[in-house]
>>> print(open('target-v9.cif').read())   # mmCIF, C-alpha atoms and all ligand atoms
data_final
loop_
_atom_site.label_atom_id
_atom_site.label_comp_id
_atom_site.auth_asym_id
_atom_site.auth_seq_id
_atom_site.Cartn_x
_atom_site.Cartn_y
_atom_site.Cartn_z
CA MET A 1 35.71 11.83 -1.43
CA SER A 2 32.61 11.20 0.67
CA LYS A 3 29.31 10.67 -1.10
CA HIS A 4 26.04 12.62 -1.18
CA ILE A 5 22.60 11.10 -0.76
CA GLY A 6 19.15 12.61 -1.36
CA ILE A 7 16.09 10.97 0.23
CA LEU A 8 12.40 11.42 -0.54
CA THR A 9 9.16 9.74 0.51
CA SER A 10 6.42 9.27 -2.07
CA GLY A 11 2.86 7.88 -2.12
CA GLY A 12 0.64 7.38 0.92
CA ASP A 13 2.44 7.82 4.23
CA THR A 14 3.21 4.69 6.21
CA PRO A 15 4.39 4.02 9.77
CA GLY A 16 8.12 3.27 9.66
CA LEU A 17 9.10 5.91 7.08
CA ASN A 18 10.94 7.96 9.69
CA ALA A 19 12.67 4.84 11.02
CA ALA A 20 13.90 4.15 7.47
CA ILE A 21 15.04 7.75 6.89
CA ARG A 22 16.89 7.59 10.21
CA GLY A 23 18.45 4.22 9.34
CA ILE A 24 19.73 5.44 5.97
CA GLY A 25 20.92 8.79 7.30
CA LYS A 26 22.60 7.67 10.50
CA ALA A 27 24.45 4.78 8.82
CA ALA A 28 25.48 6.99 5.88
CA ILE A 29 26.88 9.67 8.18
CA ARG A 30 28.35 7.47 10.92
CA LYS A 31 29.83 4.68 8.81
CA TYR A 32 30.73 6.49 5.60
CA ASP A 33 30.87 10.19 6.43
CA MET A 34 28.37 10.91 3.65
CA SER A 35 26.24 14.03 3.51
CA VAL A 36 22.48 13.53 3.42
CA ILE A 37 19.63 15.78 2.35
CA GLY A 38 15.89 15.15 2.22
CA PHE A 39 13.45 16.50 -0.37
CA ARG A 40 10.05 17.71 0.80
CA ASP A 41 6.78 16.18 -0.40
CA GLY A 42 8.06 13.49 -2.72
CA PHE A 43 9.00 14.05 -6.36
CA LYS A 44 7.21 17.42 -6.29
CA GLY A 45 9.69 18.83 -3.77
CA LEU A 46 12.59 17.32 -5.69
CA MET A 47 11.40 19.12 -8.82
CA GLN A 48 10.99 22.36 -6.86
CA ASN A 49 14.33 21.81 -5.10
CA ARG A 50 12.77 22.12 -1.66
CA HIS A 51 15.22 20.33 0.56
CA VAL A 52 16.46 20.04 4.11
CA ARG A 53 19.79 18.89 5.51
CA LEU A 54 19.46 15.57 7.36
CA ASP A 55 22.24 15.78 9.93
CA GLY A 56 22.51 13.98 13.26
CA GLU A 57 20.18 16.43 14.93
CA ALA A 58 17.46 16.20 12.26
CA LEU A 59 17.62 12.41 12.41
CA SER A 60 17.42 12.22 16.16
CA GLY A 61 14.18 11.42 18.00
CA ILE A 62 12.20 10.40 14.90
CA LEU A 63 12.34 6.60 15.20
CA THR A 64 9.00 6.30 16.94
CA HIS A 65 7.16 9.00 14.98
CA GLY A 66 4.42 8.12 12.51
CA GLY A 67 4.10 9.74 9.07
CA THR A 68 7.16 11.17 7.37
CA ILE A 69 9.24 14.14 8.51
CA LEU A 70 9.80 14.94 4.82
CA GLY A 71 6.14 15.06 3.80
CA THR A 72 4.86 13.12 0.82
CA SER A 73 2.76 13.42 -2.33
CA ARG A 74 1.52 11.20 -5.12
CA GLU A 75 3.12 13.33 -7.88
CA LYS A 76 4.95 11.54 -10.70
CA PRO A 77 8.14 13.01 -12.25
CA HIS A 78 6.93 12.42 -15.80
CA ARG A 79 3.35 13.68 -15.26
CA MET A 80 3.57 16.42 -12.70
CA ALA A 81 0.88 19.01 -12.08
CA VAL A 82 2.49 22.33 -13.03
CA GLY A 83 0.42 25.45 -13.74
CA GLY A 84 -2.76 23.43 -14.21
CA LYS A 85 -1.15 21.03 -16.71
CA LYS A 86 0.54 17.62 -16.45
CA MET A 87 4.16 17.98 -17.51
CA ASP A 88 7.25 15.80 -17.77
CA MET A 89 9.65 17.31 -15.22
CA THR A 90 12.35 14.64 -15.46
CA GLN A 91 14.98 17.04 -16.82
CA VAL A 92 14.39 19.57 -14.02
CA ILE A 93 14.73 16.75 -11.51
CA LYS A 94 17.98 15.64 -13.17
CA ASP A 95 19.36 19.16 -13.02
CA ASN A 96 18.52 19.43 -9.30
CA ILE A 97 20.19 16.13 -8.58
CA GLU A 98 23.32 17.27 -10.42
CA ALA A 99 23.31 20.62 -8.64
CA HIS A 100 23.41 18.78 -5.30
CA HIS A 101 26.14 16.38 -6.61
CA LEU A 102 24.01 13.46 -5.48
CA ASP A 103 25.57 10.01 -5.85
CA ALA A 104 22.21 8.42 -5.12
CA LEU A 105 18.55 9.36 -4.88
CA VAL A 106 16.76 7.12 -2.37
CA CYS A 107 13.00 6.89 -2.91
CA LEU A 108 10.83 5.39 -0.18
CA GLY A 109 7.52 4.30 -1.63
CA GLY A 110 5.05 1.68 -2.78
CA GLY A 111 4.28 0.22 -6.19
CA GLY A 112 3.83 3.58 -7.94
CA THR A 113 7.15 4.83 -6.59
CA GLN A 114 8.97 1.77 -7.94
CA LYS A 115 7.63 2.60 -11.42
CA ASN A 116 8.61 6.27 -11.11
CA ALA A 117 12.06 5.33 -9.86
CA LEU A 118 12.60 3.00 -12.82
CA LYS A 119 11.76 5.85 -15.20
CA LEU A 120 14.31 8.08 -13.43
CA MET A 121 16.87 5.29 -13.65
CA GLU A 122 16.21 5.02 -17.38
CA ALA A 123 16.80 8.78 -17.60
CA GLY A 124 20.28 8.21 -16.16
CA ILE A 125 19.72 8.91 -12.45
CA SER A 126 21.25 6.65 -9.78
CA VAL A 127 18.21 5.54 -7.81
CA ILE A 128 17.63 3.14 -4.94
CA THR A 129 14.18 2.42 -3.51
CA LEU A 130 12.75 0.98 -0.32
CA PRO A 131 9.36 -0.80 -0.23
CA LYS A 132 6.80 0.82 2.05
CA THR A 133 3.05 0.39 2.12
CA ILE A 134 0.41 -0.87 4.51
CA ASP A 135 -0.98 -2.82 1.53
CA ARG A 136 2.04 -5.20 1.44
CA ASP A 137 1.64 -5.42 -2.32
CA VAL A 138 5.09 -4.43 -3.61
CA TRP A 139 6.50 -7.12 -5.84
CA GLY A 140 9.90 -8.67 -5.07
CA THR A 141 9.92 -8.36 -1.28
CA ASP A 142 8.40 -10.67 1.32
CA ILE A 143 7.00 -7.76 3.28
CA THR A 144 6.79 -3.97 3.22
CA PHE A 145 7.15 -1.70 6.21
CA GLY A 146 3.90 -0.22 7.46
CA PHE A 147 2.00 -3.46 7.03
CA ASP A 148 2.64 -4.78 10.53
CA THR A 149 1.49 -1.56 12.21
CA ALA A 150 -1.69 -1.43 10.12
CA LEU A 151 -2.28 -5.12 10.82
CA ASN A 152 -2.14 -4.40 14.54
CA ILE A 153 -4.53 -1.45 14.26
CA ALA A 154 -7.06 -3.28 12.06
CA THR A 155 -6.91 -6.38 14.26
CA GLU A 156 -7.52 -4.35 17.39
CA ALA A 157 -10.50 -2.72 15.69
CA ILE A 158 -11.99 -6.13 14.84
CA ASP A 159 -11.40 -7.25 18.44
CA ARG A 160 -13.29 -4.22 19.70
CA LEU A 161 -16.13 -4.60 17.20
CA HIS A 162 -16.82 -8.12 18.49
CA SER A 163 -18.26 -7.03 21.82
CA THR A 164 -20.65 -4.48 20.34
CA ALA A 165 -21.72 -6.80 17.49
CA HIS A 166 -22.33 -9.55 20.04
CA SER A 167 -24.31 -7.31 22.41
CA HIS A 168 -26.66 -6.05 19.69
CA HIS A 169 -26.87 -9.29 17.70
CA ARG A 170 -25.72 -7.40 14.64
CA ILE A 171 -23.66 -7.87 11.55
CA ILE A 172 -20.75 -5.42 11.56
CA VAL A 173 -19.14 -4.86 8.19
CA VAL A 174 -15.69 -3.40 8.74
CA GLU A 175 -13.90 -1.87 5.75
CA ILE A 176 -10.13 -2.24 5.73
CA MET A 177 -7.67 -0.48 3.36
CA GLY A 178 -6.49 -2.19 0.18
CA HIS A 179 -7.88 -1.42 -3.27
CA LYS A 180 -6.03 -4.08 -5.23
CA ALA A 181 -4.56 -6.46 -2.66
CA GLY A 182 -6.24 -8.17 0.28
CA TRP A 183 -3.23 -8.88 2.50
CA LEU A 184 -4.26 -6.47 5.24
CA THR A 185 -7.91 -7.53 5.31
CA LEU A 186 -7.06 -11.23 5.20
CA GLY A 187 -4.35 -10.88 7.86
CA ALA A 188 -6.42 -8.74 10.22
CA GLY A 189 -9.55 -10.79 9.51
CA LEU A 190 -7.78 -14.00 10.50
CA ALA A 191 -5.96 -12.47 13.46
CA GLY A 192 -9.16 -10.81 14.69
CA GLY A 193 -11.41 -13.81 14.12
CA ALA A 194 -13.70 -12.27 11.48
CA ASP A 195 -16.48 -14.58 10.34
CA VAL A 196 -16.38 -13.46 6.73
CA ILE A 197 -13.36 -12.00 4.91
CA LEU A 198 -13.75 -10.38 1.50
CA ILE A 199 -10.72 -9.43 -0.57
CA PRO A 200 -10.22 -8.00 -4.08
CA GLU A 201 -8.69 -11.27 -5.29
CA ILE A 202 -11.92 -13.22 -4.63
CA PRO A 203 -15.10 -11.79 -6.22
CA TYR A 204 -17.94 -12.44 -3.79
CA ASP A 205 -21.53 -13.60 -3.94
CA ALA A 206 -23.69 -11.79 -1.35
CA GLU A 207 -26.07 -14.79 -1.14
CA LEU A 208 -23.18 -17.00 -0.06
CA ILE A 209 -22.09 -14.49 2.58
CA ALA A 210 -25.67 -14.41 3.88
CA GLU A 211 -25.64 -18.24 4.03
CA THR A 212 -22.50 -18.12 6.20
CA ILE A 213 -24.15 -15.61 8.54
CA LYS A 214 -27.42 -17.59 8.70
CA ALA A 215 -25.50 -20.80 9.43
CA ARG A 216 -23.81 -19.00 12.33
CA ARG A 217 -27.20 -17.91 13.62
CA SER A 218 -28.52 -21.48 13.41
CA GLY A 219 -25.47 -22.51 15.40
CA GLY A 220 -26.37 -20.02 18.15
CA SER A 221 -24.22 -17.02 17.11
CA ASN A 222 -26.51 -14.07 16.49
CA PHE A 223 -23.77 -11.73 15.32
CA SER A 224 -21.14 -11.71 12.62
CA ILE A 225 -18.10 -9.67 11.72
CA VAL A 226 -17.51 -9.18 8.00
CA ALA A 227 -14.03 -7.81 7.16
CA VAL A 228 -14.11 -6.31 3.69
CA ALA A 229 -11.23 -4.80 1.73
CA GLU A 230 -11.83 -1.42 0.04
CA GLY A 231 -11.40 -3.06 -3.34
CA ALA A 232 -13.48 -6.21 -2.77
CA MET A 233 -16.23 -6.63 -5.37
CA SER A 234 -19.17 -8.81 -6.17
CA ALA A 235 -18.65 -11.20 -9.09
CA LYS A 236 -20.96 -9.01 -11.20
CA GLU A 237 -18.95 -5.84 -10.47
CA TYR A 238 -15.71 -7.72 -11.06
CA ASP A 239 -16.89 -8.83 -14.53
CA GLU A 240 -18.12 -5.33 -15.34
CA LEU A 241 -14.74 -3.84 -14.42
CA ALA A 242 -12.82 -6.49 -16.37
CA ASP A 243 -15.00 -5.79 -19.40
CA LEU A 244 -14.45 -2.00 -19.20
CA GLU A 245 -10.70 -2.46 -18.79
CA ALA A 246 -10.47 -4.89 -21.71
CA ARG A 247 -12.48 -2.53 -23.93
CA ARG A 248 -10.27 0.41 -22.97
CA GLU A 249 -7.16 -1.63 -23.85
CA ALA A 250 -8.65 -2.58 -27.21
CA ALA A 251 -10.08 0.88 -28.02
CA GLU A 252 -8.89 2.08 -31.38
CA SER A 253 -9.78 5.75 -31.32
CA GLY A 254 -8.89 8.42 -28.77
CA ASP A 255 -12.58 9.29 -28.36
CA GLU A 256 -13.48 5.70 -27.59
CA ARG A 257 -10.64 5.52 -25.04
CA SER A 258 -11.74 8.74 -23.33
CA ALA A 259 -15.35 7.53 -23.14
CA LEU A 260 -14.22 4.27 -21.54
CA LYS A 261 -11.90 6.13 -19.18
CA ALA A 262 -14.87 8.22 -18.04
CA LYS A 263 -16.95 5.06 -17.54
CA LEU A 264 -14.13 3.52 -15.48
CA ALA A 265 -13.90 6.65 -13.32
CA LYS A 266 -17.68 6.50 -12.77
CA PHE A 267 -17.42 2.82 -11.85
CA GLU A 268 -14.61 3.55 -9.37
CA SER A 269 -16.49 6.38 -7.75
CA ALA A 270 -19.60 4.18 -7.38
CA GLN A 271 -17.38 1.57 -5.70
CA LYS A 272 -16.79 4.00 -2.82
CA GLY A 273 -20.25 3.21 -1.45
CA SER A 274 -19.96 -0.54 -1.95
CA THR A 275 -19.43 -1.42 1.72
CA ALA A 276 -22.64 0.34 2.74
CA ARG A 277 -24.50 -1.36 -0.11
CA LEU A 278 -23.17 -4.74 0.95
CA ALA A 279 -24.31 -4.14 4.54
CA ALA A 280 -27.81 -3.21 3.33
CA THR A 281 -27.96 -6.33 1.16
CA LEU A 282 -26.87 -8.54 4.05
CA GLU A 283 -29.49 -6.96 6.28
CA GLU A 284 -32.14 -7.79 3.70
CA LEU A 285 -30.93 -11.33 3.10
CA THR A 286 -30.46 -12.31 6.76
CA GLY A 287 -33.01 -10.23 8.65
CA LEU A 288 -30.24 -9.16 11.04
CA GLU A 289 -29.41 -5.53 11.63
CA ALA A 290 -26.11 -4.41 10.05
CA ARG A 291 -23.70 -1.55 10.76
CA VAL A 292 -20.65 -0.32 8.84
CA THR A 293 -17.28 0.74 10.28
CA ILE A 294 -14.74 2.28 7.90
CA LEU A 295 -11.29 2.21 9.49
CA GLY A 296 -9.78 4.56 6.90
CA HIS A 297 -6.60 6.49 7.60
CA VAL A 298 -6.54 5.46 11.27
CA GLN A 299 -4.82 2.36 9.88
CA ARG A 300 -1.89 4.43 8.61
CA GLY A 301 -1.53 6.82 11.50
CA GLY A 302 0.58 6.90 14.62
CA THR A 303 3.68 5.23 15.91
CA PRO A 304 5.16 2.26 13.99
CA SER A 305 5.13 -1.18 15.59
CA PRO A 306 8.47 -2.64 16.78
CA ALA A 307 8.45 -5.04 13.79
CA ASP A 308 8.08 -2.13 11.35
CA ARG A 309 10.78 -0.10 13.10
CA LEU A 310 13.11 -3.07 12.91
CA LEU A 311 12.38 -3.80 9.25
CA ALA A 312 12.65 -0.13 8.20
CA THR A 313 15.91 0.23 10.13
CA ARG A 314 17.41 -2.88 8.54
CA LEU A 315 16.42 -1.78 5.04
CA GLY A 316 17.68 1.74 5.73
CA THR A 317 21.10 0.82 7.05
CA LYS A 318 21.62 -1.65 4.18
CA THR A 319 20.77 1.16 1.75
CA ALA A 320 23.71 3.18 3.07
CA ASP A 321 25.99 0.17 2.50
CA LEU A 322 24.71 -0.21 -1.07
CA VAL A 323 25.29 3.46 -1.86
CA ALA A 324 28.80 3.17 -0.43
CA ASP A 325 29.40 0.18 -2.74
CA GLY A 326 28.14 2.16 -5.74
CA VAL A 327 25.05 0.01 -6.25
CA SER A 328 21.98 1.62 -7.85
CA GLY A 329 18.91 0.72 -9.89
CA VAL A 330 17.65 -1.59 -7.15
CA MET A 331 14.93 -1.89 -4.53
CA VAL A 332 16.22 -2.93 -1.10
CA ALA A 333 13.98 -5.90 -0.30
CA ILE A 334 13.60 -8.45 2.46
CA ARG A 335 13.52 -12.08 1.41
CA GLN A 336 13.60 -14.95 3.89
CA ASP A 337 14.85 -12.52 6.52
CA GLU A 338 17.79 -11.44 4.33
CA VAL A 339 18.03 -7.85 3.11
CA VAL A 340 18.78 -8.07 -0.61
CA PRO A 341 18.93 -5.69 -3.58
CA VAL A 342 16.44 -6.55 -6.34
CA PRO A 343 16.73 -4.89 -9.79
CA LEU A 344 14.05 -2.24 -10.31
CA GLU A 345 13.22 -3.70 -13.73
CA GLU A 346 12.08 -6.86 -11.94
CA VAL A 347 9.89 -5.00 -9.49
CA ALA A 348 8.31 -2.05 -11.29
CA GLY A 349 4.86 -2.47 -12.79
CA LYS A 350 4.06 -5.67 -10.89
CA ARG A 351 1.88 -6.17 -7.83
CA SER A 352 1.98 -8.83 -5.17
CA VAL A 353 -1.59 -10.00 -4.56
CA VAL A 354 -2.87 -12.85 -2.41
CA PRO A 355 -2.53 -16.15 -4.32
CA LEU A 356 -5.69 -18.21 -4.05
CA ASP A 357 -3.70 -21.15 -2.68
CA HIS A 358 -1.93 -19.03 -0.06
CA PRO A 359 -1.69 -20.66 3.41
CA TRP A 360 -3.71 -17.79 4.93
CA ILE A 361 -6.59 -18.64 2.56
CA GLU A 362 -6.26 -22.32 3.45
CA SER A 363 -6.40 -21.47 7.15
CA ALA A 364 -9.50 -19.34 6.63
CA ARG A 365 -11.25 -22.15 4.77
CA SER A 366 -10.22 -24.70 7.42
CA LEU A 367 -11.80 -22.48 10.08
CA GLY A 368 -15.03 -22.14 8.10
CA VAL A 369 -14.51 -18.41 7.56
CA GLY A 370 -16.72 -17.24 4.68
CA LEU A 371 -14.72 -15.86 1.76
CA GLY A 372 -17.76 -15.00 -0.33
CA ARG A 373 -17.06 -17.78 -2.78
CA GLY A 374 -16.59 -21.53 -2.46
CA PRO A 375 -13.25 -23.22 -3.25
CA GLU A 376 -12.88 -23.89 -6.98
O1 LIG B 401 -1.45 2.88 -0.71
C1 LIG B 401 -1.78 2.79 0.61
C2 LIG B 401 -3.20 3.20 0.86
O2 LIG B 401 -3.34 3.41 2.24
C3 LIG B 401 -4.27 2.23 0.36
O3 LIG B 401 -4.49 1.15 1.20
C4 LIG B 401 -5.46 3.14 0.27
O4 LIG B 401 -6.41 2.59 -0.59
C5 LIG B 401 -4.85 4.41 -0.25
O5 LIG B 401 -3.53 4.42 0.20
C6 LIG B 401 -5.55 5.66 0.21
O6 LIG B 401 -4.92 6.74 -0.39
P1 LIG B 401 -5.09 8.25 0.05
O7 LIG B 401 -4.49 8.40 1.41
O8 LIG B 401 -4.35 9.02 -0.99
O9 LIG B 401 -6.56 8.51 0.08
#
>>> encode(input="target-v9.cif", output="structure tokens")
Amino acid sequence: MSKHIGILTSGGDTPGLNAAIRGIGKAAIRKYDMSVIGFRDGFKGLMQNRHVRLDGEALSGILTHGGTILGTSREKPHRMAVGGKKMDMTQVIKDNIEAHHLDALVCLGGGGTQKNALKLMEAGISVITLPKTIDRDVWGTDITFGFDTALNIATEAIDRLHSTAHSHHRIIVVEIMGHKAGWLTLGAGLAGGADVILIPEIPYDAELIAETIKARRSGGSNFSIVAVAEGAMSAKEYDELADLEARREAAESGDERSALKAKLAKFESAQKGSTARLAATLEELTGLEARVTILGHVQRGGTPSPADRLLATRLGTKTADLVADGVSGVMVAIRQDEVVPVPLEEVAGKRSVVPLDHPWIESARSLGVGLGRGPE
């Protein structure tokens, strides 16, 4: 008997999601005569049983489209907003999956989705995941789809900022997405020739950044491009955050934990203005005028790059093969250009961040790019 697949997309949208949906669906239908449905808006739509048939027609013409035809949300199965409360909806999800006679639920998402999928697997659901995110921070895969497109967009932005920074003799601080991992900022910063690159993995010292900019000025370059990741922090902020997190972990009473949670939320909300504060500090320390450009969701929008389409298609078609073989409980990863299944237990709850000895860091240091901190 032919099999049934359900697909959903969860977390922030990413270019290449439609290419992956198409790859899974077309291969499942064409090669294995499976039937395929999609759930709307991530786990929320699965819980509400809002679905759509993904037949040849629905899967046609979507390869080049950005976003996700299914819609997405950041809802978690075990803590879903229902009637103003957070509720565990795992059983409802299980019932819906059974009602559709699904042999596999395919979840396309980033780090959070891997964790949610593992929980569903532990509840007895046959799950397979694909790694998508512009942040490139999913553990267990060499790359995630969406990253290459965002890298192209952010690099082009840095290219364009050069001419205006140069004309006005300014510092331009450009904020690039990535709260916890600096892959996108480091990649785009290097590819775009940024003079300073600040990532969450390397706490920075504003004085050192100013020294880099002043040294450029002494060398005849009256402008600088500073590429900063959303989650980059000064060493002082980094220590403050680490202290709050450690205290929350160690908190013995519920009240203490709630108070620390509130402090962490306040800290995170204050971080939202950190790029503007950094620009003002650099202005003060260097005497050069500074401007801020926040690339924001532009980095996630629009048509996927050929590399992302190719990657998403390869991961998608392999997913259909895995379902046909009865494999589940895995993320379909790419390692050394091979598409391989990796157990979800290995992946969930971990994050791939930039190692301090990564070749990209070495290249940046060799070029004299300021990283906000000297080599250890
Ligand atoms: O997870 C991908 C990502 O684009 C991050 O780089 C960014 O910090 C975050 O999503 C933004 O999330 P949202 O679109 O929900 O504001």
>>> axis_aligned_box(input="target-v9.cif", around="ligand LIG 401 (chain B)", padding_each_side="5 Å", output="AutoDock Vina command-line options")
--center_x -4.0 --center_y 5.1 --center_z 0.6 --size_x 15.1 --size_y 17.9 --size_z 13.2
>>> residues_near_ligand(input="target-v9.cif", ligand="ligand LIG 401 (chain B)", cutoff="7 Å", atoms="all atoms listed in the file", output="ChimeraX atom specification")
/A:11-12,110,133-135,177-179,230,297,300
>>> write_last_selection(input="target-v9.cif", atoms="C-alpha atoms", output="PDB file, in the coordinates of the input")
ATOM      1  CA  GLY A  11       2.860   7.880  -2.120  1.00  0.00           C
ATOM      2  CA  GLY A  12       0.640   7.380   0.920  1.00  0.00           C
ATOM      3  CA  GLY A 110       5.050   1.680  -2.780  1.00  0.00           C
ATOM      4  CA  THR A 133       3.050   0.390   2.120  1.00  0.00           C
ATOM      5  CA  ILE A 134       0.410  -0.870   4.510  1.00  0.00           C
ATOM      6  CA  ASP A 135      -0.980  -2.820   1.530  1.00  0.00           C
ATOM      7  CA  MET A 177      -7.670  -0.480   3.360  1.00  0.00           C
ATOM      8  CA  GLY A 178      -6.490  -2.190   0.180  1.00  0.00           C
ATOM      9  CA  HIS A 179      -7.880  -1.420  -3.270  1.00  0.00           C
ATOM     10  CA  GLU A 230     -11.830  -1.420   0.040  1.00  0.00           C
ATOM     11  CA  HIS A 297      -6.600   6.490   7.600  1.00  0.00           C
ATOM     12  CA  ARG A 300      -1.890   4.430   8.610  1.00  0.00           C
TER      13      ARG A 300
END
>>> atom_distance(input="target-v9.cif", atom1="CA of Trp360 (chain A)", atom2="CA of Thr286 (chain A)")
27.4 Å
>>> closest_residue(input="target-v9.cif", among="A:Lys26, A:Lys3, A:Lys266, A:His162", to="Asn222 (chain A)", atoms="all atoms listed in the file")
A:His162
>>> atom_distance(input="target-v9.cif", atom1="CA of Gly326 (chain A)", atom2="CA of Arg79 (chain A)")
28.9 Å
>>> atom_distance(input="target-v9.cif", atom1="CA of Ala229 (chain A)", atom2="CA of Glu249 (chain A)")
26.1 Å
>>> closest_atom_pairs(input="target-v9.cif", of="region 72-175 of chain A", to="region 333-350 of chain A", cutoff="12 Å", atoms="all atoms listed in the file", output="CSV")
residue,atom,partner,partner_atom,distance
A:Cys107,CA,A:Leu344,CA,11.8
A:Leu108,CA,A:Ala333,CA,11.7
A:Gly109,CA,A:Ala348,CA,11.6
A:Gly110,CA,A:Ala348,CA,9.8
A:Gly111,CA,A:Ala348,CA,6.9
A:Gly112,CA,A:Gly349,CA,7.8
A:Thr113,CA,A:Ala348,CA,8.4
A:Gln114,CA,A:Ala348,CA,5.1
A:Lys115,CA,A:Ala348,CA,4.7
A:Asn116,CA,A:Ala348,CA,8.3
A:Ala117,CA,A:Leu344,CA,7.8
A:Leu118,CA,A:Leu344,CA,6.0
A:Lys119,CA,A:Ala348,CA,9.5
A:Leu120,CA,A:Leu344,CA,10.8
A:Met121,CA,A:Leu344,CA,8.7
A:Glu122,CA,A:Glu345,CA,9.9
A:Ser126,CA,A:Leu344,CA,11.5
A:Val127,CA,A:Leu344,CA,9.2
A:Ile128,CA,A:Leu344,CA,8.4
A:Thr129,CA,A:Leu344,CA,8.2
A:Leu130,CA,A:Ala333,CA,7.0
A:Pro131,CA,A:Ala333,CA,6.9
A:Lys132,CA,A:Ala333,CA,10.1
A:Asp137,CA,A:Lys350,CA,8.9
A:Val138,CA,A:Lys350,CA,7.5
A:Trp139,CA,A:Val347,CA,5.4
A:Gly140,CA,A:Val347,CA,5.7
A:Thr141,CA,A:Ala333,CA,4.8
A:Asp142,CA,A:Arg335,CA,5.3
A:Ile143,CA,A:Ile334,CA,6.7
A:Thr144,CA,A:Ile334,CA,8.2
A:Phe145,CA,A:Ile334,CA,10.1
>>> residues_around(input="target-v9.cif", residues="region 303-316 of chain A", least_positions_apart="2", cutoff="8 Å", atoms="all atoms listed in the file", output="PDB file with C-alpha atoms, in the coordinates of the input")
ATOM      1  CA  PRO A  15       4.390   4.020   9.770  1.00  0.00           C
ATOM      2  CA  GLY A  16       8.120   3.270   9.660  1.00  0.00           C
ATOM      3  CA  LEU A  17       9.100   5.910   7.080  1.00  0.00           C
ATOM      4  CA  ALA A  19      12.670   4.840  11.020  1.00  0.00           C
ATOM      5  CA  ALA A  20      13.900   4.150   7.470  1.00  0.00           C
ATOM      6  CA  ILE A  21      15.040   7.750   6.890  1.00  0.00           C
ATOM      7  CA  ARG A  22      16.890   7.590  10.210  1.00  0.00           C
ATOM      8  CA  GLY A  23      18.450   4.220   9.340  1.00  0.00           C
ATOM      9  CA  ILE A  24      19.730   5.440   5.970  1.00  0.00           C
ATOM     10  CA  GLY A  25      20.920   8.790   7.300  1.00  0.00           C
ATOM     11  CA  LEU A  63      12.340   6.600  15.200  1.00  0.00           C
ATOM     12  CA  THR A  64       9.000   6.300  16.940  1.00  0.00           C
ATOM     13  CA  HIS A  65       7.160   9.000  14.980  1.00  0.00           C
ATOM     14  CA  GLY A  66       4.420   8.120  12.510  1.00  0.00           C
ATOM     15  CA  LEU A 130      12.750   0.980  -0.320  1.00  0.00           C
ATOM     16  CA  PHE A 145       7.150  -1.700   6.210  1.00  0.00           C
ATOM     17  CA  GLY A 146       3.900  -0.220   7.460  1.00  0.00           C
ATOM     18  CA  PHE A 147       2.000  -3.460   7.030  1.00  0.00           C
ATOM     19  CA  ASP A 148       2.640  -4.780  10.530  1.00  0.00           C
ATOM     20  CA  THR A 149       1.490  -1.560  12.210  1.00  0.00           C
ATOM     21  CA  GLY A 301      -1.530   6.820  11.500  1.00  0.00           C
ATOM     22  CA  LYS A 318      21.620  -1.650   4.180  1.00  0.00           C
ATOM     23  CA  THR A 319      20.770   1.160   1.750  1.00  0.00           C
ATOM     24  CA  ALA A 320      23.710   3.180   3.070  1.00  0.00           C
ATOM     25  CA  VAL A 332      16.220  -2.930  -1.100  1.00  0.00           C
ATOM     26  CA  ALA A 333      13.980  -5.900  -0.300  1.00  0.00           C
ATOM     27  CA  ILE A 334      13.600  -8.450   2.460  1.00  0.00           C
ATOM     28  CA  VAL A 339      18.030  -7.850   3.110  1.00  0.00           C
TER      29      VAL A 339
END
>>> closest_atom_pairs(input="target-v9.cif", of="region 183-231 of chain A", to="region 275-279 of chain A", cutoff="12 Å", atoms="all atoms listed in the file", output="tab-separated table")
residue	atom	partner	partner_atom	distance
A:Leu198	CA	A:Thr275	CA	10.6
A:Tyr204	CA	A:Leu278	CA	10.4
A:Asp205	CA	A:Leu278	CA	10.3
A:Ala206	CA	A:Leu278	CA	7.4
A:Glu207	CA	A:Leu278	CA	10.7
A:Ile209	CA	A:Leu278	CA	9.9
A:Ala210	CA	A:Ala279	CA	10.4
A:Ser224	CA	A:Ala279	CA	11.5
A:Ile225	CA	A:Ala279	CA	11.0
A:Val226	CA	A:Ala279	CA	9.1
A:Ala227	CA	A:Thr275	CA	10.0
A:Val228	CA	A:Thr275	CA	7.5
A:Ala229	CA	A:Thr275	CA	8.9
A:Glu230	CA	A:Thr275	CA	7.8
A:Gly231	CA	A:Thr275	CA	9.6
>>> residues_near_point(input="target-v9.cif", point="(-20.1, -4.3, 12.9)", cutoff="8 Å", atoms="only C-alpha atoms", output="number ranges by chain")
A: 161-162, 164-165, 170-174, 224-226, 290-293
>>> closest_residue(input="target-v9.cif", among="A:Leu241, A:Leu288, A:Leu186, A:Ile213", to="Glu362 (chain A)", atoms="all atoms listed in the file")
A:Leu186
>>> closest_residue(input="target-v9.cif", among="A:Leu8, A:Ile97, A:Leu151, A:Met87", to="Leu54 (chain A)", atoms="only C-alpha atoms")
A:Leu8
